[in-house]
>>> print(open('my_file-v5.csv').read())   # CSV, C-alpha atoms
chain,number,residue,atom,x,y,z
A,12,MET,CA,23.2,6.5,-13.4
A,13,LYS,CA,20.3,9.0,-13.2
A,14,ILE,CA,19.7,11.2,-10.1
A,15,LEU,CA,16.6,13.3,-9.8
A,16,GLY,CA,16.5,16.4,-7.7
A,17,LEU,CA,13.0,17.3,-6.3
A,18,VAL,CA,12.4,20.8,-4.8
A,19,GLY,CA,9.5,21.3,-2.5
A,20,SER,CA,9.7,25.1,-2.4
A,21,VAL,CA,7.7,27.7,-4.3
A,22,ARG,CA,10.6,30.1,-4.1
A,23,LYS,CA,12.7,30.1,-7.3
A,24,LEU,CA,16.4,29.8,-6.5
A,25,GLY,CA,15.6,29.7,-2.9
A,26,ASN,CA,17.7,27.8,-0.4
A,27,SER,CA,16.1,24.4,-1.1
A,28,GLU,CA,16.8,24.8,-4.8
A,29,ILE,CA,20.3,26.0,-4.3
A,30,LEU,CA,21.2,23.2,-1.8
A,31,THR,CA,19.6,20.6,-4.0
A,32,LYS,CA,21.5,21.9,-7.0
A,33,GLU,CA,24.7,21.8,-5.1
A,34,ALA,CA,24.0,18.1,-4.2
A,35,LEU,CA,23.2,17.4,-7.8
A,36,MET,CA,26.6,19.0,-8.8
A,37,GLY,CA,28.3,16.6,-6.4
A,38,ALA,CA,26.5,13.7,-7.9
A,39,GLU,CA,27.3,14.9,-11.4
A,40,ALA,CA,31.0,15.0,-10.5
A,41,GLU,CA,30.6,11.3,-9.6
A,42,GLY,CA,29.3,10.6,-13.1
A,43,ALA,CA,25.6,10.9,-12.5
A,44,GLN,CA,23.2,12.2,-15.1
A,45,VAL,CA,21.1,14.7,-13.2
A,46,GLU,CA,17.7,16.4,-13.6
A,47,ILE,CA,15.7,18.7,-11.3
A,48,LEU,CA,11.9,19.2,-10.9
A,49,ARG,CA,10.4,22.0,-8.8
A,50,LEU,CA,7.4,20.1,-7.4
A,51,THR,CA,5.3,23.2,-6.9
A,52,ASP,CA,5.4,23.9,-10.7
A,53,TYR,CA,3.3,20.9,-11.2
A,54,GLU,CA,-0.4,20.4,-10.7
A,55,VAL,CA,-0.9,17.9,-7.8
A,56,ARG,CA,-4.5,17.6,-6.7
A,57,PRO,CA,-5.5,16.1,-3.3
A,58,CYS,CA,-6.1,12.3,-3.1
A,59,ARG,CA,-9.9,12.0,-3.3
A,60,GLY,CA,-10.0,8.7,-1.4
A,61,CYS,CA,-11.8,7.0,-4.3
A,62,ALA,CA,-9.7,3.8,-3.7
A,63,ALA,CA,-9.6,3.0,-7.4
A,64,CYS,CA,-5.8,2.3,-7.1
A,65,LEU,CA,-6.7,-0.2,-4.4
A,66,PHE,CA,-9.8,-1.9,-5.7
A,67,GLN,CA,-8.9,-1.7,-9.4
A,68,GLU,CA,-5.3,-2.5,-8.6
A,69,GLY,CA,-4.1,0.0,-11.1
A,70,GLY,CA,-2.6,3.5,-11.2
A,71,CYS,CA,-4.1,6.7,-9.8
A,72,VAL,CA,-7.1,7.8,-11.9
A,73,ILE,CA,-6.6,11.5,-11.2
A,74,GLU,CA,-5.3,13.1,-14.4
A,75,ASP,CA,-2.8,15.6,-13.2
A,76,ASP,CA,1.0,15.7,-12.9
A,77,ALA,CA,1.4,13.4,-9.8
A,78,ASN,CA,1.8,10.4,-12.0
A,79,LYS,CA,4.5,12.2,-14.0
A,80,ILE,CA,6.4,13.0,-10.9
A,81,PHE,CA,6.3,9.3,-9.7
A,82,ALA,CA,7.2,8.2,-13.2
A,83,ALA,CA,10.3,10.4,-13.2
A,84,MET,CA,11.2,9.0,-9.8
A,85,GLY,CA,10.8,5.5,-11.0
A,86,ALA,CA,13.0,6.2,-14.0
A,87,SER,CA,15.9,7.5,-11.7
A,88,ASP,CA,18.4,5.5,-9.7
A,89,GLY,CA,18.5,8.2,-7.0
A,90,ILE,CA,16.3,11.0,-5.5
A,91,ILE,CA,17.6,14.1,-3.8
A,92,LEU,CA,14.7,15.9,-2.1
A,93,GLY,CA,15.2,19.5,-0.9
A,94,VAL,CA,12.2,20.9,1.0
A,95,PRO,CA,11.9,23.8,3.4
A,96,CYS,CA,10.6,23.6,6.9
A,97,TYR,CA,8.4,26.6,7.6
A,98,ILE,CA,6.4,25.6,10.6
A,99,LEU,CA,7.6,22.3,12.2
A,100,GLU,CA,7.1,20.2,9.0
A,101,ALA,CA,7.8,20.0,5.3
A,102,THR,CA,5.8,22.1,2.9
A,103,ALA,CA,2.3,20.9,1.8
A,104,ILE,CA,3.4,19.6,-1.6
A,105,VAL,CA,5.2,16.7,0.2
A,106,LYS,CA,2.0,15.7,2.1
A,107,GLN,CA,0.0,16.0,-1.1
A,108,LEU,CA,2.4,13.6,-2.7
A,109,ILE,CA,2.4,11.2,0.3
A,110,ASP,CA,-1.3,10.8,-0.1
A,111,ARG,CA,-1.1,10.4,-3.8
A,112,GLY,CA,1.5,7.7,-3.4
A,113,PHE,CA,-0.8,4.8,-2.8
A,114,ALA,CA,-0.4,3.4,-6.3
A,115,PRO,CA,3.4,3.5,-6.5
A,116,MET,CA,3.5,2.1,-3.0
A,117,GLN,CA,1.5,-0.9,-4.0
A,118,GLN,CA,3.2,-1.4,-7.3
A,119,ASN,CA,6.7,-0.8,-6.0
A,120,THR,CA,7.6,1.3,-9.0
A,121,VAL,CA,10.0,3.5,-7.0
A,122,ARG,CA,11.3,0.9,-4.5
A,123,GLY,CA,15.0,0.4,-4.1
A,124,LYS,CA,16.1,3.8,-5.2
A,125,VAL,CA,18.7,5.7,-3.1
A,126,GLY,CA,17.5,8.9,-1.4
A,127,GLY,CA,19.0,11.9,0.2
A,128,VAL,CA,17.0,14.7,2.0
A,129,ILE,CA,17.9,18.3,2.6
A,130,VAL,CA,15.8,20.5,4.8
A,131,PRO,CA,16.6,24.2,5.1
A,132,TYR,CA,15.0,25.9,8.1
A,133,ALA,CA,15.1,29.3,9.7
A,134,THR,CA,14.7,29.2,13.5
A,135,ARG,CA,16.2,26.6,15.9
A,136,GLY,CA,13.6,24.7,17.8
A,137,TRP,CA,11.0,24.9,15.0
A,138,THR,CA,12.0,21.8,13.1
A,139,GLN,CA,10.9,18.9,15.3
A,140,ASN,CA,8.8,17.2,12.6
A,141,ALA,CA,10.9,18.3,9.6
A,142,PHE,CA,11.9,14.8,8.6
A,143,GLN,CA,8.6,13.1,9.4
A,144,GLN,CA,7.0,14.1,6.1
A,145,THR,CA,10.1,13.5,4.0
A,146,ASN,CA,10.7,10.1,5.5
A,147,THR,CA,7.1,9.1,5.3
A,148,TRP,CA,7.1,10.0,1.6
A,149,LEU,CA,10.3,8.4,0.6
A,150,LEU,CA,10.2,5.3,2.9
A,151,SER,CA,6.6,4.6,2.0
A,152,LEU,CA,7.7,4.4,-1.6
A,153,GLY,CA,10.6,2.1,-0.7
A,154,ILE,CA,13.4,4.6,-1.2
A,155,GLU,CA,16.4,3.9,0.9
A,156,VAL,CA,17.4,7.3,2.5
A,157,ILE,CA,21.1,7.2,3.1
A,158,ASP,CA,21.7,10.8,4.2
A,159,GLN,CA,19.7,13.7,5.5
A,160,LEU,CA,20.6,17.2,6.3
A,161,LEU,CA,19.0,20.0,8.4
A,162,ILE,CA,20.5,23.3,7.3
A,163,HIS,CA,20.1,26.5,9.2
A,164,VAL,CA,19.5,29.2,6.7
A,165,GLN,CA,16.7,31.8,6.4
A,166,GLY,CA,16.6,34.6,3.7
A,167,ILE,CA,16.1,33.8,0.1
A,168,SER,CA,19.2,32.5,-1.7
A,169,GLU,CA,21.5,33.0,1.4
A,170,ALA,CA,22.7,29.4,1.5
A,171,PRO,CA,25.9,30.2,-0.4
A,172,LEU,CA,26.9,32.5,2.5
A,173,PHE,CA,27.6,29.3,4.5
A,174,PRO,CA,30.3,27.3,2.8
A,175,ARG,CA,30.2,24.5,5.3
A,176,ASP,CA,26.5,23.9,4.5
A,177,ILE,CA,27.1,24.1,0.8
A,178,GLU,CA,29.9,21.5,1.2
A,179,ARG,CA,27.7,19.3,3.2
A,180,ALA,CA,25.0,19.4,0.6
A,181,ARG,CA,27.5,18.5,-2.1
A,182,THR,CA,28.7,15.6,0.0
A,183,LEU,CA,25.2,14.3,0.2
A,184,GLY,CA,25.0,14.3,-3.5
A,185,VAL,CA,28.3,12.5,-3.7
A,186,ARG,CA,27.1,9.9,-1.2
A,187,VAL,CA,23.9,9.2,-3.1
A,188,ALA,CA,25.8,8.7,-6.3
A,189,GLN,CA,28.4,6.5,-4.6
A,190,ALA,CA,25.7,4.4,-2.9
A,191,ILE,CA,24.1,3.8,-6.3
A,192,LYS,CA,27.5,2.8,-7.8
A,193,THR,CA,28.6,0.5,-5.1
A,194,GLY,CA,25.2,-0.9,-4.1
A,195,ASP,CA,26.1,-0.2,-0.4
A,196,HIS,CA,23.0,1.7,0.9
A,197,THR,CA,24.1,2.0,4.4
A,198,TYR,CA,22.9,5.2,6.2
A,199,GLN,CA,25.6,7.8,6.4
A,200,GLY,CA,23.9,10.8,7.9
A,201,GLU,CA,23.8,12.0,11.5
A,202,ALA,CA,23.0,9.2,13.9
A,203,GLY,CA,19.5,9.4,15.2
A,204,ILE,CA,17.3,7.2,17.4
A,205,CYS,CA,15.0,5.2,15.0
A,206,PRO,CA,17.0,2.5,13.3
A,207,ILE,CA,15.0,2.9,10.2
A,208,CYS,CA,14.4,6.6,9.6
A,209,HIS,CA,17.1,7.9,12.0
A,210,ASP,CA,14.9,10.6,13.3
A,211,ARG,CA,14.9,11.5,17.0
A,212,ASN,CA,11.1,11.6,17.6
A,213,LEU,CA,9.5,9.0,19.8
A,214,ARG,CA,5.9,8.5,21.1
A,215,VAL,CA,5.3,7.2,24.6
A,216,LEU,CA,2.5,4.6,24.3
A,217,GLN,CA,-0.4,4.3,26.7
A,218,ASP,CA,1.2,1.5,28.7
A,219,MET,CA,3.8,4.1,29.7
A,220,GLU,CA,6.5,1.4,29.1
A,221,THR,CA,6.8,1.3,25.3
A,222,VAL,CA,8.1,4.0,23.0
A,223,GLU,CA,7.6,4.0,19.2
A,224,CYS,CA,8.9,5.8,16.2
A,225,PRO,CA,5.8,7.6,14.9
A,226,VAL,CA,7.0,7.2,11.3
A,227,CYS,CA,8.3,3.7,11.2
A,228,ALA,CA,6.3,2.1,14.1
A,229,VAL,CA,9.4,0.5,15.5
A,230,ARG,CA,8.7,-0.1,19.2
A,231,GLY,CA,11.3,0.0,21.9
A,232,ARG,CA,12.0,0.7,25.6
A,233,LEU,CA,13.8,3.5,27.4
A,234,GLN,CA,16.6,2.7,29.7
A,235,MET,CA,18.7,4.9,31.9
A,236,GLU,CA,22.5,4.5,31.9
A,237,GLY,CA,23.5,6.9,34.6
A,238,LYS,CA,21.9,10.2,33.5
A,239,ARG,CA,21.7,9.1,29.9
A,240,ILE,CA,18.6,7.8,28.2
A,241,THR,CA,19.1,5.0,25.8
A,242,VAL,CA,16.4,3.4,23.6
A,243,VAL,CA,16.5,-0.3,23.1
A,244,PHE,CA,14.9,-1.8,20.1
A,245,SER,CA,14.8,-5.6,19.7
A,246,ASP,CA,15.8,-7.1,16.4
A,247,GLU,CA,12.3,-8.5,16.2
A,248,ALA,CA,10.8,-5.0,16.6
A,249,VAL,CA,13.0,-3.6,14.0
A,250,LYS,CA,12.0,-6.3,11.5
A,251,ARG,CA,8.4,-5.3,12.0
A,252,HIS,CA,8.9,-1.8,10.9
A,253,ARG,CA,6.1,-0.2,8.9
A,254,TRP,CA,7.9,0.3,5.6
A,255,SER,CA,9.2,-3.2,4.8
A,256,VAL,CA,7.9,-4.6,1.6
A,257,GLU,CA,6.4,-7.5,3.5
A,258,ASN,CA,4.6,-5.3,5.9
A,259,LEU,CA,3.3,-3.0,3.2
A,260,GLN,CA,2.1,-6.0,1.3
A,261,ARG,CA,0.3,-7.3,4.4
A,262,HIS,CA,-1.2,-3.8,5.0
A,263,PHE,CA,-2.7,-3.6,1.5
A,264,THR,CA,-3.7,-7.3,1.4
A,265,TYR,CA,-5.3,-7.6,4.8
A,266,HIS,CA,-6.1,-4.1,6.1
A,267,LEU,CA,-7.2,-2.3,3.0
A,268,LYS,CA,-8.5,-4.5,0.2
A,269,PRO,CA,-11.0,-6.5,2.4
A,270,SER,CA,-12.6,-3.2,3.3
A,271,LYS,CA,-14.5,-3.3,0.0
A,272,THR,CA,-16.3,-6.5,1.1
A,273,PHE,CA,-17.1,-4.8,4.4
A,274,PHE,CA,-18.3,-1.7,2.5
A,275,LEU,CA,-20.7,-3.9,0.4
A,276,LYS,CA,-21.9,-5.9,3.4
A,277,THR,CA,-22.9,-2.8,5.3
A,278,LYS,CA,-24.1,-0.7,2.3
A,279,GLY,CA,-27.8,-0.8,3.2
A,280,GLU,CA,-27.2,0.0,6.8
A,281,ARG,CA,-24.9,2.9,6.1
A,282,LYS,CA,-27.3,4.4,3.5
A,283,GLU,CA,-30.1,4.4,6.0
A,284,MET,CA,-28.1,5.8,8.9
A,285,GLY,CA,-26.4,8.4,6.7
A,286,ALA,CA,-29.6,9.8,5.4
A,287,LYS,CA,-30.0,12.4,8.1
A,288,TYR,CA,-26.7,14.0,7.1
A,289,LYS,CA,-27.5,14.3,3.5
A,290,GLY,CA,-28.4,17.9,2.7
A,291,TYR,CA,-27.7,19.1,6.2
A,292,LEU,CA,-26.4,22.7,6.1
A,293,GLY,CA,-26.8,22.6,2.3
A,294,GLN,CA,-24.0,20.0,1.9
B,17,MET,CA,-27.3,-10.9,28.5
B,18,ARG,CA,-25.0,-13.1,26.4
B,19,TYR,CA,-22.0,-11.2,25.0
B,20,GLN,CA,-20.1,-12.4,22.0
B,21,VAL,CA,-17.0,-10.7,20.6
B,22,THR,CA,-15.0,-11.8,17.6
B,23,PHE,CA,-11.5,-10.5,17.2
B,24,ARG,CA,-10.0,-11.1,13.7
B,25,TYR,CA,-6.2,-10.7,13.6
B,26,TYR,CA,-4.7,-10.7,10.1
B,27,PRO,CA,-1.1,-11.7,9.4
B,28,GLY,CA,1.3,-9.4,11.2
B,29,ASP,CA,-1.4,-8.0,13.5
B,30,PRO,CA,-0.7,-9.8,16.8
B,31,LEU,CA,2.5,-8.9,18.5
B,32,GLN,CA,3.2,-12.5,19.5
B,33,GLU,CA,2.0,-15.9,18.5
B,34,ILE,CA,-1.6,-16.6,19.6
B,35,ARG,CA,-1.5,-19.8,21.6
B,36,GLU,CA,-4.6,-21.8,22.7
B,37,ALA,CA,-3.0,-22.5,26.1
B,38,ASP,CA,-2.7,-18.7,26.8
B,39,LEU,CA,-6.3,-18.2,25.7
B,40,ARG,CA,-7.4,-21.1,27.9
B,41,ALA,CA,-5.8,-19.5,30.9
B,42,ILE,CA,-7.6,-16.2,30.2
B,43,ALA,CA,-10.9,-18.0,29.7
B,44,ASP,CA,-10.4,-19.9,33.0
B,45,GLN,CA,-9.4,-16.7,34.9
B,46,TRP,CA,-12.5,-14.8,33.8
B,47,GLY,CA,-15.0,-17.6,33.4
B,48,LEU,CA,-15.4,-17.0,29.7
B,49,TYR,CA,-15.8,-19.2,26.7
B,50,ILE,CA,-12.9,-18.5,24.3
B,51,ALA,CA,-12.4,-20.3,21.0
B,52,PHE,CA,-9.6,-19.9,18.6
B,53,THR,CA,-9.6,-20.7,14.9
B,54,GLU,CA,-6.8,-20.2,12.3
B,55,VAL,CA,-8.2,-19.6,8.8
B,56,ARG,CA,-5.9,-20.2,5.8
B,57,GLY,CA,-6.9,-18.3,2.7
B,58,ASP,CA,-6.0,-18.9,-0.9
B,59,VAL,CA,-2.2,-18.1,-0.8
B,60,THR,CA,-0.3,-18.5,-4.1
B,61,GLU,CA,3.4,-17.9,-4.2
B,62,GLY,CA,3.3,-16.0,-0.9
B,63,ARG,CA,0.5,-13.7,-2.1
B,64,GLU,CA,-3.2,-13.8,-1.3
B,65,ALA,CA,-5.9,-12.2,-3.4
B,66,THR,CA,-8.3,-10.7,-0.8
B,67,LEU,CA,-10.3,-8.4,-3.0
B,68,ASP,CA,-13.9,-9.4,-3.2
B,69,LYS,CA,-13.4,-12.3,-0.8
B,70,ASP,CA,-15.6,-13.1,2.2
B,71,LEU,CA,-14.2,-11.5,5.3
B,72,GLU,CA,-14.3,-14.9,7.0
B,73,ALA,CA,-12.4,-16.6,4.2
B,74,ILE,CA,-9.1,-14.7,4.1
B,75,THR,CA,-6.1,-15.7,6.2
B,76,GLN,CA,-6.7,-14.7,9.8
B,77,SER,CA,-6.6,-15.8,13.4
B,78,VAL,CA,-10.0,-15.6,14.9
B,79,ILE,CA,-10.6,-15.3,18.7
B,80,THR,CA,-14.2,-15.7,19.8
B,81,ILE,CA,-15.0,-14.6,23.3
B,82,GLU,CA,-18.4,-15.3,24.9
B,83,GLY,CA,-19.7,-14.6,28.4
B,84,ASP,CA,-22.7,-13.5,30.4
B,85,GLU,CA,-21.0,-11.1,32.8
B,86,GLU,CA,-19.9,-7.7,31.5
B,87,SER,CA,-17.1,-7.3,34.0
B,88,SER,CA,-15.6,-10.7,33.2
B,89,LEU,CA,-15.8,-9.9,29.5
B,90,ARG,CA,-14.0,-6.6,30.1
B,91,GLY,CA,-11.3,-8.4,32.0
B,92,GLY,CA,-10.8,-11.1,29.4
B,93,LEU,CA,-10.7,-8.6,26.5
B,94,ARG,CA,-8.1,-6.4,28.4
B,95,ASP,CA,-5.8,-9.4,28.9
B,96,ILE,CA,-6.1,-10.4,25.2
B,97,ILE,CA,-5.3,-6.9,24.1
B,98,LEU,CA,-2.4,-6.6,26.5
B,99,ARG,CA,-0.9,-9.8,25.2
B,100,TYR,CA,-1.5,-9.4,21.4
B,101,ARG,CA,-2.6,-5.7,21.0
B,102,SER,CA,-6.0,-5.0,19.6
B,103,PRO,CA,-7.1,-6.1,16.1
B,104,ARG,CA,-6.2,-3.4,13.6
B,105,THR,CA,-9.1,-3.0,11.1
B,106,CYS,CA,-12.6,-1.5,11.1
B,107,TYR,CA,-13.9,-5.0,10.1
B,108,ALA,CA,-11.9,-6.9,12.7
B,109,LEU,CA,-15.0,-7.3,15.0
B,110,TRP,CA,-17.2,-8.6,12.2
B,111,GLY,CA,-19.3,-11.4,13.7
B,112,SER,CA,-19.6,-9.9,17.2
B,113,ASN,CA,-23.1,-9.3,18.6
B,114,PRO,CA,-24.0,-5.6,19.1
B,115,GLU,CA,-23.7,-5.9,22.9
B,116,GLY,CA,-20.3,-7.6,22.8
B,117,GLN,CA,-19.1,-5.2,20.1
B,118,ALA,CA,-20.0,-2.1,22.1
B,119,ILE,CA,-18.0,-3.3,25.1
B,120,ALA,CA,-15.1,-4.5,22.9
B,121,LEU,CA,-14.8,-1.1,21.2
B,122,GLU,CA,-14.7,0.6,24.6
B,123,ILE,CA,-11.9,-1.7,25.8
B,124,ILE,CA,-9.9,-1.3,22.6
B,125,GLU,CA,-10.1,2.5,22.9
B,126,GLU,CA,-9.1,2.3,26.6
B,127,GLN,CA,-6.1,-0.1,26.0
B,128,ASP,CA,-5.1,0.6,22.5
B,129,GLY,CA,-6.8,3.8,21.3
B,130,TRP,CA,-3.6,5.8,20.7
B,131,TRP,CA,-1.2,2.9,20.2
>>> encode(input="my_file-v5.csv", output="structure tokens")
Amino acid sequence: MKILGLVGSVRKLGNSEILTKEALMGAEAEGAQVEILRLTDYEVRPCRGCAACLFQEGGCVIEDDANKIFAAMGASDGIILGVPCYILEATAIVKQLIDRGFAPMQQNTVRGKVGGVIVPYATRGWTQNAFQQTNTWLLSLGIEVIDQLLIHVQGISEAPLFPRDIERARTLGVRVAQAIKTGDHTYQGEAGICPICHDRNLRVLQDMETVECPVCAVRGRLQMEGKRITVVFSDEAVKRHRWSVENLQRHFTYHLKPSKTFFLKTKGERKEMGAKYKGYLGQ
Amino acid sequence: MRYQVTFRYYPGDPLQEIREADLRAIADQWGLYIAFTEVRGDVTEGREATLDKDLEAITQSVITIEGDEESSLRGGLRDIILRYRSPRTCYALWGSNPEGQAIALEIIEEQDGWW
């Protein structure tokens, strides 16, 4: 059983790294072989939207370290991601890897792994989107996130000052290892709203009747029970969630690949209409 | 002015089954001509190769809406989108005439722009 820790912080031995290491120690105690990568030590260039992974149905053609990171994830049974939340969201390296994940998403090279997420943050009230990026990344790759933690800690390396948080990080590592061993991938983290990603964010759609998880696209309705808001999701709506292997396959098959034909059909028109932008402002 | 709009829904796009009877009711209500065609592409073992295939040949449900009155067209398009949601892709209106497409894009944005 191999568990890979991924750290999305530039700070060496910062809180993300310490908490990830603590989780890995917990996993190791359960018999896991553990490894850690600090994502920001690797060269990960932006996706250039060339669509080669889509239209050539192969891997990403950019020759940097992103493919190495995805390969390491694919070679592991579990992933523990520790990433700080500075301003509302995860750090940029996570978004960079989300966009570079098109090839492993299509090829399902990471699908079925067990995941855990740890997000250290500094100020209460500044974390609303902290799990949106981490969930988008891991769920899009087909990783089953079974636990996630938001840990209140600020200065560099101060996490060990809070034994409860250290213990909780260790428990996350234990849970990931146990989920791999038992095959039971049931979510064990704090209960949220979305039945897929367990985050608490909802969008209110334009009909002013429907709400939707912005990450998983599961749609539901709000109901009042006394003063309490409840969100009701039908089984049908849950099954339609964005990240199911069936839905992703449909997305690539019907929403993305046919765009090549459309591109070729409209090539002449676009060339003619785009001419006035060529060279404008020297670009 | 004759408006023609083609909505191409790919598998998983409509929120409920598209039924001819429902479309007929919309057509009658708004005085439109509405046709419905199911296209079955080349599916092998549950997978369909859609790369380099004609946009018209891959699996899809095609609703064609035609009419002479702009206000009727708008009403019919709204009802279709409210029932099924709007088509999802940039090429989902392929086959529409320019007049119809301009109105359809307005209604899609109005009903489904931020959905």
>>> closest_atom_pairs(input="my_file-v5.csv", of="chain A", to="chain B", cutoff="7 Å", atoms="all atoms listed in the file", output="tab-separated table")
residue	atom	partner	partner_atom	distance
A:Leu216	CA	B:Trp131	CA	5.8
A:Gln217	CA	B:Trp131	CA	6.7
A:Arg261	CA	B:Pro27	CA	6.8
A:Thr264	CA	B:Thr66	CA	6.1
A:Tyr265	CA	B:Tyr26	CA	6.2
A:His266	CA	B:Thr105	CA	5.9
A:Lys268	CA	B:Leu67	CA	5.4
A:Pro269	CA	B:Leu67	CA	5.8
A:Lys271	CA	B:Asp68	CA	6.9
A:Thr272	CA	B:Asp68	CA	5.7
A:Phe273	CA	B:Tyr107	CA	6.5
>>> atom_distance(input="my_file-v5.csv", atom1="CA of Ala82 (chain A)", atom2="CA of Tyr53 (chain A)")
13.4 Å
>>> residues_near_point(input="my_file-v5.csv", point="(0.6, 11.4, 2.3)", cutoff="12 Å", atoms="only C-alpha atoms", output="number ranges by chain")
A: 57-60, 101-114, 116, 143-152, 226
>>> residues_around(input="my_file-v5.csv", residues="Trp46 (chain B)", least_positions_apart="3", cutoff="12 Å", atoms="only C-alpha atoms", output="ChimeraX atom specification")
/B:39-43,49-50,81-96
>>> residues_near_point(input="my_file-v5.csv", point="(16.1, -0.3, 21.4)", cutoff="6 Å", atoms="all atoms listed in the file", output="PyMOL selection string")
chain A and resi 231-232+242-245
>>> write_last_selection(input="my_file-v5.csv", atoms="C-alpha atoms", output="PDB file, in the coordinates of the input")
ATOM      1  CA  GLY A 231      11.300   0.000  21.900  1.00  0.00           C
ATOM      2  CA  ARG A 232      12.000   0.700  25.600  1.00  0.00           C
ATOM      3  CA  VAL A 242      16.400   3.400  23.600  1.00  0.00           C
ATOM      4  CA  VAL A 243      16.500  -0.300  23.100  1.00  0.00           C
ATOM      5  CA  PHE A 244      14.900  -1.800  20.100  1.00  0.00           C
ATOM      6  CA  SER A 245      14.800  -5.600  19.700  1.00  0.00           C
TER       7      SER A 245
END
>>> atom_distance(input="my_file-v5.csv", atom1="CA of Gly126 (chain A)", atom2="CA of Ile157 (chain A)")
6.0 Å
>>> closest_residue(input="my_file-v5.csv", among="A:Ser27, A:Gln234, A:His252, A:Asp176", to="Pro206 (chain A)", atoms="all atoms listed in the file")
A:His252
>>> closest_residue(input="my_file-v5.csv", among="A:Met284, A:Met36, A:Ser20, A:Pro225", to="Val130 (chain A)", atoms="all atoms listed in the file")
A:Ser20
>>> residues_around(input="my_file-v5.csv", residues="Ala83 (chain A)", least_positions_apart="4", cutoff="8 Å", atoms="all atoms listed in the file", output="list in words")
Leu15, Lys79 and Ser87 of chain A
>>> atom_distance(input="my_file-v5.csv", atom1="CA of Gln165 (chain A)", atom2="CA of Tyr132 (chain A)")
6.4 Å
>>> residues_around(input="my_file-v5.csv", residues="Val18 (chain A)", least_positions_apart="3", cutoff="12 Å", atoms="all atoms listed in the file", output="PyMOL selection string")
chain A and resi 15+21-32+34-35+46-53+80+90-95+101-102+104-105+128-131+145
>>> write_last_selection(input="my_file-v5.csv", atoms="C-alpha atoms", output="PDB file, in the coordinates of the input")
ATOM      1  CA  LEU A  15      16.600  13.300  -9.800  1.00  0.00           C
ATOM      2  CA  VAL A  21       7.700  27.700  -4.300  1.00  0.00           C
ATOM      3  CA  ARG A  22      10.600  30.100  -4.100  1.00  0.00           C
ATOM      4  CA  LYS A  23      12.700  30.100  -7.300  1.00  0.00           C
ATOM      5  CA  LEU A  24      16.400  29.800  -6.500  1.00  0.00           C
ATOM      6  CA  GLY A  25      15.600  29.700  -2.900  1.00  0.00           C
ATOM      7  CA  ASN A  26      17.700  27.800  -0.400  1.00  0.00           C
ATOM      8  CA  SER A  27      16.100  24.400  -1.100  1.00  0.00           C
ATOM      9  CA  GLU A  28      16.800  24.800  -4.800  1.00  0.00           C
ATOM     10  CA  ILE A  29      20.300  26.000  -4.300  1.00  0.00           C
ATOM     11  CA  LEU A  30      21.200  23.200  -1.800  1.00  0.00           C
ATOM     12  CA  THR A  31      19.600  20.600  -4.000  1.00  0.00           C
ATOM     13  CA  LYS A  32      21.500  21.900  -7.000  1.00  0.00           C
ATOM     14  CA  ALA A  34      24.000  18.100  -4.200  1.00  0.00           C
ATOM     15  CA  LEU A  35      23.200  17.400  -7.800  1.00  0.00           C
ATOM     16  CA  GLU A  46      17.700  16.400 -13.600  1.00  0.00           C
ATOM     17  CA  ILE A  47      15.700  18.700 -11.300  1.00  0.00           C
ATOM     18  CA  LEU A  48      11.900  19.200 -10.900  1.00  0.00           C
ATOM     19  CA  ARG A  49      10.400  22.000  -8.800  1.00  0.00           C
ATOM     20  CA  LEU A  50       7.400  20.100  -7.400  1.00  0.00           C
ATOM     21  CA  THR A  51       5.300  23.200  -6.900  1.00  0.00           C
ATOM     22  CA  ASP A  52       5.400  23.900 -10.700  1.00  0.00           C
ATOM     23  CA  TYR A  53       3.300  20.900 -11.200  1.00  0.00           C
ATOM     24  CA  ILE A  80       6.400  13.000 -10.900  1.00  0.00           C
ATOM     25  CA  ILE A  90      16.300  11.000  -5.500  1.00  0.00           C
ATOM     26  CA  ILE A  91      17.600  14.100  -3.800  1.00  0.00           C
ATOM     27  CA  LEU A  92      14.700  15.900  -2.100  1.00  0.00           C
ATOM     28  CA  GLY A  93      15.200  19.500  -0.900  1.00  0.00           C
ATOM     29  CA  VAL A  94      12.200  20.900   1.000  1.00  0.00           C
ATOM     30  CA  PRO A  95      11.900  23.800   3.400  1.00  0.00           C
ATOM     31  CA  ALA A 101       7.800  20.000   5.300  1.00  0.00           C
ATOM     32  CA  THR A 102       5.800  22.100   2.900  1.00  0.00           C
ATOM     33  CA  ILE A 104       3.400  19.600  -1.600  1.00  0.00           C
ATOM     34  CA  VAL A 105       5.200  16.700   0.200  1.00  0.00           C
ATOM     35  CA  VAL A 128      17.000  14.700   2.000  1.00  0.00           C
ATOM     36  CA  ILE A 129      17.900  18.300   2.600  1.00  0.00           C
ATOM     37  CA  VAL A 130      15.800  20.500   4.800  1.00  0.00           C
ATOM     38  CA  PRO A 131      16.600  24.200   5.100  1.00  0.00           C
ATOM     39  CA  THR A 145      10.100  13.500   4.000  1.00  0.00           C
TER      40      THR A 145
END
>>> closest_residue(input="my_file-v5.csv", among="A:Met235, A:Val55, A:Val125, A:Ile162", to="Asp195 (chain A)", atoms="all atoms listed in the file")
A:Val125
>>> closest_residue(input="my_file-v5.csv", among="B:Ser102, B:Gln117, B:Ser112, B:Ser77", to="Thr53 (chain B)", atoms="all atoms listed in the file")
B:Ser77
>>> closest_residue(input="my_file-v5.csv", among="A:Leu183, A:Met84, A:Leu172, A:Ala228", to="Glu41 (chain A)", atoms="all atoms listed in the file")
A:Leu183
>>> closest_residue(input="my_file-v5.csv", among="B:Glu115, B:Glu33, B:Asp38, B:Asp44", to="Gln20 (chain B)", atoms="all atoms listed in the file")
B:Glu115
